[in-house]
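Scroll down for the structure; my scribbles are underneath it.
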Amino acid sequence: MRCARAVAIVALLTFPMAAQAQSTVVDEARPADEPTAPPVVTVSGSATIASDYRFRGVSQSDRHMAVQGGVTIAHDSGLYAGLWGSNLAGWGTFGGANMELDLIGGYRMPVAGGTLDVGLTWYMYPGGADRTDFAEPYAKLSGTAGPATLTAGVAYAPRQQALGRWYRTGADAVAGVYTAPGAKGDNLYIWGDGALAITGTPITARAHVGHSRGQNGLGPNATALSPTGRYWDWSLGADTTWRNLTLGISYVDTDISDRDAAYLRPSFSKGQDGTGTIAGSTVLVALTAAF
């Protein structure tokens, strides 16, 4: 339904909002060249304009422009909490909501030269129908291999009504006929990311691949994290940063064919008219301002 925001959907950046002010008085008890201790709490955020909102390869904005933003508060112990949001449109209308709002909390810790990040995302759809919100714990391990930065992650959403197969087909959803009202389902998403700074240029190349496995139907809001039961998504792209602005361009795609998605239509289609795919290849362009 929406993805490990590994697609060519855009992730939250973390940059300190403010640096500590330098004192004009010399502390004789401390050497003048001793570095200033980093702040205990940092606040960072970002605002993005994107040509599409792709979550795990599937458009959540009906292949239209999306405006997104978020903020993160991090403690030097490794604990952090954040908020991220985006406009929505298209398939299933997400229970009537025109906005996704994610609450994120977790803990980062150094592990074997890398960083282990464990946490939970609570996906909310303000103004939407009941039973559309759901929780998804995640874990990811990041590290370096030569000049490359690599990340492997897993997200598992336990059995919840929002992930249940309430509609067997898109026609049932349009008619408002529940196949299995109250059904619960779970979802597993495994992904890997890679980033490589190109020497002598301001460009960083990026790659992503992910696999979803869950219900093969539509949930109570006529959407699904794994609409065809299981599928792959991937992206290849590059970005460049100038000051606090990052411009990213990526090619995003899935292996969901028109034939695979036929039984989900008209919900799983552009404009919900039964034609056009929202899981096919696209070139996604995004401009992000970090603060």
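Scheme for the structure tokens: letters A, B, ... for chains in order shown; per-chain residue numbers from 1; ligand numbers from 1 in order shown.
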Write out as a count of residues only the residues lying within 10 Å of segment 204-213 of chain A, counting only C-alpha atoms and excluding same-chain residues fewer than 4 positions away.
55
Closest atom pairs, segment 253-291 of chain A residues within 8 Å of segment 161-176 of chain A, only C-alpha atoms, as JSON lines:
{"residue": "A:Tyr263", "atom": "CA", "partner": "A:Thr169", "partner_atom": "CA", "distance": 5.4}
{"residue": "A:Leu264", "atom": "CA", "partner": "A:Gly170", "partner_atom": "CA", "distance": 4.2}
{"residue": "A:Arg265", "atom": "CA", "partner": "A:Gly170", "partner_atom": "CA", "distance": 4.7}
{"residue": "A:Pro266", "atom": "CA", "partner": "A:Gly170", "partner_atom": "CA", "distance": 5.7}
{"residue": "A:Ser267", "atom": "CA", "partner": "A:Gly170", "partner_atom": "CA", "distance": 5.6}
{"residue": "A:Phe268", "atom": "CA", "partner": "A:Gly170", "partner_atom": "CA", "distance": 7.5}
Taking the chain letters and numbering used in this document, name the residues of segment 17-192 of chain A that DSSP puts in strand (DSSP E or B), as a ChimeraX atom specification.
/A:41-50,54-55,58-59,61,66-75,79-87,89,99-111,114-124,134-145,148-160,167,185-192
Quick one: residues within 12 Å of segment 68-74 of chain A, only C-alpha atoms, excluding same-chain residues fewer than 4 positions away - as a PyMOL selection string?
chain A and resi 9-17+39-54+61+78-88+99-108+286-291
Return the single residue from A:Val285, A:Phe134, A:Trp242, A:Gly219 that is closest to Met65 of chain A, with distances computed using only C-alpha atoms.
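Between A:Val285, A:Phe134, A:Trp242, A:Gly219, the residue approaching Met65 of chain A most closely is A:Val285.
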Need the shell around Pro110 of chain A: protein/DNA/RNA residues with any atom at most 12 Å away, counting only C-alpha atoms. Skip same-chain ones fewer than 3 positions apart. Format as a VMD selection string?
chain A and resid 77 to 78 107 113 to 118 140 to 143
Dump C-alpha atoms for the selected residues as a tab-separated table (two decimals), in the first residue's frame?
chain	number	residue	atom	x	y	z
A	77	SER	CA	21.76	7.92	23.77
A	78	GLY	CA	20.45	6.67	20.42
A	107	TYR	CA	16.80	3.37	18.86
A	113	GLY	CA	31.52	-1.15	12.93
A	114	GLY	CA	28.01	-0.41	11.64
A	115	THR	CA	24.74	0.92	13.01
A	116	LEU	CA	21.71	-1.10	14.07
A	117	ASP	CA	18.42	0.79	13.97
A	118	VAL	CA	15.29	-0.76	15.50
A	140	LYS	CA	17.92	-2.23	9.70
A	141	LEU	CA	21.68	-2.59	9.75
A	142	SER	CA	23.91	-0.05	7.99
A	143	GLY	CA	27.63	-0.09	7.36
Length of the atom CA of Thr121 of chain A to atom CA of Thr246 of chain A vector [Å]:
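Taking atom CA of Thr121 of chain A as the start and atom CA of Thr246 of chain A as the end point, the length is 24.6 Å.
For the set A:Ala129, A:Leu284, A:Ala112, A:Val58, the residue with the smallest atom-to-atom gap to Asn98 of chain A is A:Ala129, counting only C-alpha atoms.
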